[in-house]
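Asker: Sharing a structure below in structure tokens format, with a few things to ask.
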Amino acid sequence: MRRLIIYILLLYAGNVLGQQKNYSFTRYTTAQGLSDNIIQSITQDSRGFIWIGTNEGLSRFDGKNFKNFYAPKNDTIVKSNSFSNIYEYKKGHLLFTNYTRIVCFNTYTEKFYSPALPDKPFAWIDKSPKENIFYLSALSKVYIANERLVITDSITLSGKATTGNQLNAFYLTDSLLLLQAYDTVAIYNTITKKSTPLSIAFNLPDKSFIPFFRYYDSAKQQLYFSEYRLGIFRYSLQEKKTEHLVKDANGLYYTNSFVYEIVPKPNNELWLLAESGIRILNTHTNTISFITAAKDNNSSVFNSVAFTSYTDKANNFWIGTKGGIYKLNANALSIKSWTDEFITSDGNGLMSVVKGADDNMYASVYFGKAYQLNTNTGKVNALQHPGNINNWDLFVKDDEVIRTGAGNSLLTYNTSNRQFKTDNSLKKFYPDIELLVLGFVHSNGDVWYSANRGGGFVRKLAGSDTYKTYKKDDGVNSFTNGYYTSCTEDSKKNLWFGVNKTDRLLHWDHLKDRFNEINFFTIKGTENVGHLGINMVTHDSADNIWVAFDGSGLIKYDPVKNTAVNYNIADGLPSNFVTGLQFDNKNRLWISTLKGLSCFIVNENKFINFKKEDGLPADDFTDHCSYYDKEKNILWFGSNNTLMEFDPDVLLDISKEKFPVYTDEIILNGKKYDDTLQNNLMLDPSENNLQFHFTGIDFNKGKDIEYSYLLQGADKDWIFSGVNQTASYANIKPGNYTFRVRAKHKGDNRWNETEQPLHFFIATPWNKTWWFNLLLIAVLALAVWYLIKTYYTQKLEKEKSELEKQNAIEQERIRMARELHDGLGSMLSGIKHSFSAMKNEMTLNDNQQTQFHSTIDKLNESIKELRNISHSIASENLMYNGLENSLRDYCNSMTQPGVLNIAFSALDTEKIQLTEEQAFHIFRIVQELINNIIKHSGAANAIVQLSYNSNRLYVTVEDNGKGFVLEEGLKNKGMGLKNIESRIKILKGKMDYRTKTNEGTSALMEFPYAEKK
């Protein structure tokens, strides 16, 4: 940014020299990013952005960056890049003229569009400041539109001059408009809807001279017109009188420039934005001030065509010219300043400023003169005395302003009698010094002096001509430097001294009358700071000593705790070269530096900085020229040749730190998202790469803004981005998020957060949604169920097939058992009976008798064996006597006296009813278990028990044999155990083995069966 310092000299009629005002303008051109240097219109929207209509594009400014918009190629809406008469007609929507058409612009979507207005060539728009009522000027007619841009009425003006000419409407009051078509002028009442022609006597030479309306003074009811060749005219609505204004020294009217706009300012001033630049019209004296550029600038706002102006919400004044846009900071109007009065041929700047007993201010220029500034008139005069040369410092004692400087004499000026006096009392103490550098009045009336060339201190005791001297290494006192230039007194009457030749602070103890030095390299908190010389010292109400350093910033020293705190650029100071310090009545420390002025809010630990762009007339403070007037609450600072005064409360109130912060742009998967106003965005799963651009709006300190941001749902804490205004996130997971951004000025510790955080939701991919997962689980479960079902169906079919085979075998065995029992058994029994009958009929000898009985015995054995085989195939008792009796018979038959005793018992079995197949399977299970006992257990006793309880049939087979290892037995199953398990599954039962080595075996089976009904 190129800063142009414009010094405005106000000239008034007569010989009275008026106070000079120095305004600091900031200039913006295409070099800073503006779309074009020819400015046609300026406005501010509801969010705070400044919009600038230029000859070659539309620009938006946030205090740091320009964002430009142009007519799309071959667009049917925007015919050119020339934008004039800009207004915001509703939040986020701009209205302007573009190539005789009215076009709108959505500032959120950044799209141009056409409003529903008549297809007429519009050239001018004016607006009611209280209501959104727009006056749209067209040929021979003015259309009135409401805040929705709906035409509610129209105005015409009778007369030949209005036919075919542009009829312009200008807002005067809520009920009055001024209408002008060519040279016809009328007042239109918006309530009665009637117009009243004005017969203004311009006394024009001919019809080619046309005065154009430019301004209405509502207080005085005066209309101002401008004519290119004849100058300014003023017409009084009350007196019906016309005045031709502004004559120069030769009595000629000011006519050399066409005025585009007239802007009212305080103190009877009208600023004329003219073809030749800016001029100031004093309406009291009817004189114009010609303003020239500052000496250090080649061009300025005052020698460029000035077209338009705008005052924003913070009272910054913007001027659109042919050479860019200029901003006059609102602070500038609250700061009075003087410059030319202190300019010297050698270029030396202001050294000190003090307030005299006469309420006037006195300032001295380094090795130059001392001046008096009359605080009532603002007039500056050099003190007229031959000795008023080669000054250094000024200090005040009673009615006297005392000058120090070259030589060993003092020059005093009495503000009461306005007399000068030369004081040579220090010559005997400083016979060889070159310069008196310090004069300080102690609260007890003592006056302290210091001089270079090892002069040390001279202390003149109050109320006497007694002096005390303190020298460097005088045997009593020891301090580093031979002289000191700055001094402050704390509440204990102790003095603190500093000088830019040493980094050590010098302390004088009032009670002990002794000096000691503070070496900050040995103080906790500042031991690692690279200290240079001390420019100034002061103290606060708590007796902390504040030290301004030449290169290492500011130090706050606590003498009680012997601790110190260093403040520098990293903490918010504009520069580490601190030249002056002044506390105001609210314990705020004002700090002058080589790069601006700073206010340190001590209790908030916050710096607020001011530079030229913030309204200061100058910002390079090279010396400790500063003063605080407690009675008036006015601060005075000198910067080179410029002396300025201001009320600290007013300046800080104008410069409030709060400013708006916005998420300005969203980039979604590399493409700009159209509507930044829209909240609660619903994004697809693939729309998960986002970039946020954000901005804080501050037209005075926009370059000093720092940012931090937080994406709630992704970030754990705020992310500090410094001056970077972009936050990027890639591959954001599905879910709800809120993007928040905040901003602050460098050195400030208070954040300004956006009022409307951006909420958005990223949908979950369909293959990761809960319903998809539920469906997937259901499908998997169905598939598993199907596989298991198929497996068990096949297994059951196989078991069914096996069972059918077993049943067929069983049936065949039963048939065979019956055949053996009924057929062969009967035949053998018959044969036995036949043989028995034959025995009675036959006479046998002993040998034959023996053989016969042997045959009969074999026949009996065969019949017995046949019965055993028949029982093993199918027990006859089972078929005819039921399971319980069959098992009892079987246990009795399998008992081997003296070897194995098998006991049988049945409990509550009378209620059970078994099918033949069920009984047969249980019988075979018990038969197999008994067979295993006989073959493998070596048991002497076994028990078989049937019992029934709660629809359950329990079968228990136990023995007291040698038992076996259960795991090995189950692992090495024989055909017998497999058959048992197969039969139990067929019966839907279950079996529990219990066995231990040498502790027998127990098999407990459980089968579901219903009771008899």
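Chains: A, B, ... in order of the structure tokens. Residues: from 1 per chain. Ligands: from 1, in order shown.
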Give me, as a PyMOL selection string, all polymer residues having an atom no more than 7 Å from Asp550 (chain A), counting only C-alpha atoms and skipping those fewer than 3 positions away in the same chain.

Answerer: chain A and resi 532-535+553+577-578

Asker: Near region 961-963 of chain A, counting only C-alpha atoms, which residues have an atom at most 12 Å away, once you skip same-chain residues fewer than 6 positions from it, shown as number ranges by chain?

Answerer: A: 900, 930, 932-943, 969, 993-1003

Asker: Do you know which residues are at most 9 Å from region 223-230 of chain A counting only C-alpha atoms, after dropping those on the same chain fewer than 2 positions away, and could you put them as a list in words?

Answerer: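 Here the answer would be Leu204, Phe209, Ile210, Pro211, Phe212, Phe213, Arg214, Tyr215, Tyr216, Asp217, Ser218, Gln221, Ile232, Phe233, Arg234, Tyr235, Ser236, Leu237, His244, Tyr253, Tyr254, Thr255, Asn256, Ser257, Phe258, Val259, Tyr260 and Ile262 of chain A.
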
Asker: Export, as a tab-separated table (two decimals), in the first residue's frame, the selected residues with C-alpha atoms.

Answerer:
chain	number	residue	atom	x	y	z
A	204	LEU	CA	-26.74	32.42	-17.37
A	209	PHE	CA	-24.79	26.98	-19.45
A	210	ILE	CA	-26.47	24.35	-17.26
A	211	PRO	CA	-26.05	24.32	-13.44
A	212	PHE	CA	-26.38	20.82	-11.96
A	213	PHE	CA	-27.74	20.18	-8.49
A	214	ARG	CA	-25.07	18.94	-6.06
A	215	TYR	CA	-26.07	19.44	-2.38
A	216	TYR	CA	-28.92	20.44	-0.07
A	217	ASP	CA	-28.27	22.13	3.29
A	218	SER	CA	-31.38	21.01	5.20
A	221	GLN	CA	-32.73	25.12	3.32
A	232	ILE	CA	-20.91	27.45	-7.55
A	233	PHE	CA	-24.44	28.82	-7.07
A	234	ARG	CA	-26.46	28.74	-3.85
A	235	TYR	CA	-30.26	29.11	-3.82
A	236	SER	CA	-32.29	29.77	-0.64
A	237	LEU	CA	-35.69	28.09	-0.57
A	244	HIS	CA	-23.03	33.24	-7.10
A	253	TYR	CA	-15.40	33.76	-9.56
A	254	TYR	CA	-13.88	30.35	-9.01
A	255	THR	CA	-14.79	28.70	-12.33
A	256	ASN	CA	-11.93	26.47	-13.37
A	257	SER	CA	-13.37	23.09	-12.46
A	258	PHE	CA	-16.62	21.13	-12.69
A	259	VAL	CA	-17.84	19.88	-9.29
A	260	TYR	CA	-19.12	16.29	-9.26
A	262	ILE	CA	-20.38	18.33	-2.54

Asker: When you draw a straight line from CA of Phe69 (chain A) to CA of Leu94 (chain A), how long is it in Å?

Answerer: 12.8 Å

Asker: Taking the chain letters and numbering used in this document, name the residues of region 406-557 of chain A that DSSP puts in strand (DSSP E or B), as a VMD selection string.

Answerer: chain A and resid 406 410 to 414 420 to 423 435 to 441 447 to 451 456 to 460 467 to 470 486 to 489 495 to 498 505 to 509 514 to 518 524 534 to 539 545 to 550 554 to 557

Asker: Compile the contact shell of Arg514 (chain A) as a ChimeraX atom specification: residues with an atom at most 9 Å away, counting only C-alpha atoms, same-chain residues fewer than 4 positions apart removed.

Answerer: /A:476-477,507-510

Asker: Using only C-alpha atoms, which residues sit within 8 Å of Thr415 (chain A) once same-chain residues fewer than 3 positions away are excluded, as a PyMOL selection string?

Answerer: chain A and resi 356-358+399-401+418-419

Asker: Please produce a file of the residues just selected, as a CSV table (one decimal), in the first residue's frame, where the atoms kept are all heavy atoms.

Answerer:
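After the write, part.csv holds the following:
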chain,number,residue,atom,x,y,z
A,356,GLY,N,2.8,25.1,29.9
A,356,GLY,CA,3.2,26.2,30.8
A,356,GLY,C,2.1,26.5,31.8
A,356,GLY,O,0.9,26.1,31.6
A,357,ALA,N,2.4,27.4,32.7
A,357,ALA,CA,1.4,27.8,33.7
A,357,ALA,C,0.3,28.7,33.1
A,357,ALA,O,-0.8,28.8,33.7
A,357,ALA,CB,2.1,28.6,34.8
A,358,ASP,N,0.5,29.2,31.9
A,358,ASP,CA,-0.5,30.0,31.2
A,358,ASP,C,-1.4,29.2,30.3
A,358,ASP,O,-2.2,29.7,29.5
A,358,ASP,CB,0.2,31.0,30.3
A,358,ASP,CG,1.2,30.4,29.3
A,358,ASP,OD1,1.3,29.1,29.4
A,358,ASP,OD2,1.7,31.1,28.4
A,399,ASP,N,6.0,29.4,37.2
A,399,ASP,CA,5.6,30.2,36.1
A,399,ASP,C,6.6,30.2,34.9
A,399,ASP,O,6.4,30.9,33.9
A,399,ASP,CB,5.3,31.7,36.4
A,399,ASP,CG,4.1,31.8,37.3
A,399,ASP,OD1,3.3,30.8,37.3
A,399,ASP,OD2,3.9,32.8,38.0
A,400,GLU,N,7.7,29.5,35.1
A,400,GLU,CA,8.8,29.6,34.2
A,400,GLU,C,8.9,28.3,33.3
A,400,GLU,O,8.7,27.2,33.8
A,400,GLU,CB,10.1,29.8,34.9
A,400,GLU,CG,10.2,31.1,35.6
A,400,GLU,CD,11.5,31.2,36.3
A,400,GLU,OE1,12.1,30.2,36.7
A,400,GLU,OE2,12.0,32.4,36.5
A,401,VAL,N,9.1,28.5,32.0
A,401,VAL,CA,9.5,27.5,31.1
A,401,VAL,C,11.0,27.6,30.9
A,401,VAL,O,11.4,28.7,30.4
A,401,VAL,CB,8.7,27.6,29.8
A,401,VAL,CG1,9.2,26.5,28.8
A,401,VAL,CG2,7.2,27.5,30.0
A,418,ARG,N,5.8,37.3,30.5
A,418,ARG,CA,6.3,37.2,29.2
A,418,ARG,C,7.8,37.7,29.0
A,418,ARG,O,8.1,38.3,28.0
A,418,ARG,CB,5.4,37.8,28.2
A,418,ARG,CG,4.0,37.2,28.2
A,418,ARG,CD,3.1,37.9,27.1
A,418,ARG,NE,1.8,37.3,27.3
A,418,ARG,CZ,0.8,37.7,26.5
A,418,ARG,NH1,1.0,38.7,25.5
A,418,ARG,NH2,-0.4,37.2,26.6
A,419,GLN,N,8.5,37.6,30.1
A,419,GLN,CA,9.9,38.1,30.1
A,419,GLN,C,10.9,36.9,30.1
A,419,GLN,O,10.6,35.9,30.6
A,419,GLN,CB,10.2,39.0,31.3
A,419,GLN,CG,9.3,40.2,31.4
A,419,GLN,CD,9.5,41.2,30.3
A,419,GLN,OE1,10.7,41.5,29.9
A,419,GLN,NE2,8.5,41.6,29.7

Asker: Env of region 387-396 of chain A: 9 Å cut, atoms = only C-alpha atoms, seq-sep filter 4 positions within chain, self excluded. Answer as a PyMOL selection string.

Answerer: chain A and resi 351-357+362-370+382-383+400-407+411+422+435-441

Asker: Identify, on the basis of only C-alpha atoms, every residue whose closest approach to Leu581 (chain A) does not exceed 10 Å; exclude the query and any residue fewer than 5 positions from it along the same chain; express the result as an mmCIF file with C-alpha atoms, in the first residue's frame.

Answerer:
data_model
loop_
_atom_site.group_PDB
_atom_site.id
_atom_site.type_symbol
_atom_site.label_atom_id
_atom_site.label_comp_id
_atom_site.auth_asym_id
_atom_site.auth_seq_id
_atom_site.Cartn_x
_atom_site.Cartn_y
_atom_site.Cartn_z
ATOM 1 C CA ASN A 535 15.446 6.473 25.818
ATOM 2 C CA MET A 536 12.943 7.288 28.561
ATOM 3 C CA VAL A 537 11.730 6.181 31.997
ATOM 4 C CA THR A 538 8.395 6.628 33.782
ATOM 5 C CA HIS A 539 6.431 4.940 36.580
ATOM 6 C CA TRP A 546 8.717 1.429 32.881
ATOM 7 C CA VAL A 547 11.808 1.717 30.695
ATOM 8 C CA ALA A 548 11.830 2.544 26.963
ATOM 9 C CA LEU A 554 9.782 -1.988 26.733
ATOM 10 C CA LEU A 589 0.507 3.504 28.815
ATOM 11 C CA TRP A 590 0.966 5.406 25.560
ATOM 12 C CA ILE A 591 4.157 4.452 23.768
ATOM 13 C CA SER A 592 5.826 6.243 20.870
ATOM 14 C CA THR A 593 8.121 4.219 18.600
ATOM 15 C CA SER A 598 0.819 2.282 20.739
ATOM 16 C CA CYS A 599 -1.571 2.218 23.671
ATOM 17 C CA HIS A 624 10.889 11.460 23.596
ATOM 18 C CA CYS A 625 8.670 14.438 22.762
ATOM 19 C CA SER A 626 5.513 13.625 24.732
ATOM 20 C CA TYR A 627 3.294 15.103 27.422
ATOM 21 C CA TYR A 628 0.032 14.224 29.171
ATOM 22 C CA PHE A 637 3.285 13.675 20.909
#

Asker: May I ask for the distance between CA of Asn931 (chain A) and CA of Asn892 (chain A), given in Å to one decimal place?

Answerer: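 Distance between the two atoms: 13.7 Å.
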
Asker: Apply DSSP to the structure's backbone, then extract all residues of region 657-783 of chain A labelled helix (DSSP H, G or I) and return them as a VMD selection string.

Answerer: chain A and resid 702 to 704 766 to 768 770 to 783

Asker: Between A:Ala123, A:Ile831, A:Ile980, A:Leu953, which has the minimum distance to Tyr1009 (chain A) (counting only C-alpha atoms)?

Answerer: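 Smallest separation from Tyr1009 (chain A) among the options: A:Leu953.
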
Asker: From the list A:Gly722, A:Gly747, A:Gly638, A:Gly735, which residue is nearest Ala570 (chain A) when using only C-alpha atoms?

Answerer: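 The shortest atom-to-atom distance to Ala570 (chain A) comes from A:Gly747.
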
Asker: Could you tell me which of A:Lys141, A:Arg740, A:His385, A:Lys524 comes closest to Phe760 (chain A) if we count only C-alpha atoms?

Answerer: A:Arg740

Asker: To one decimal place, how far is CA of Tyr371 (chain A) from CA of Asp432 (chain A) in Å?

Answerer: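 Distance reported for this atom pair: 28.0 Å.
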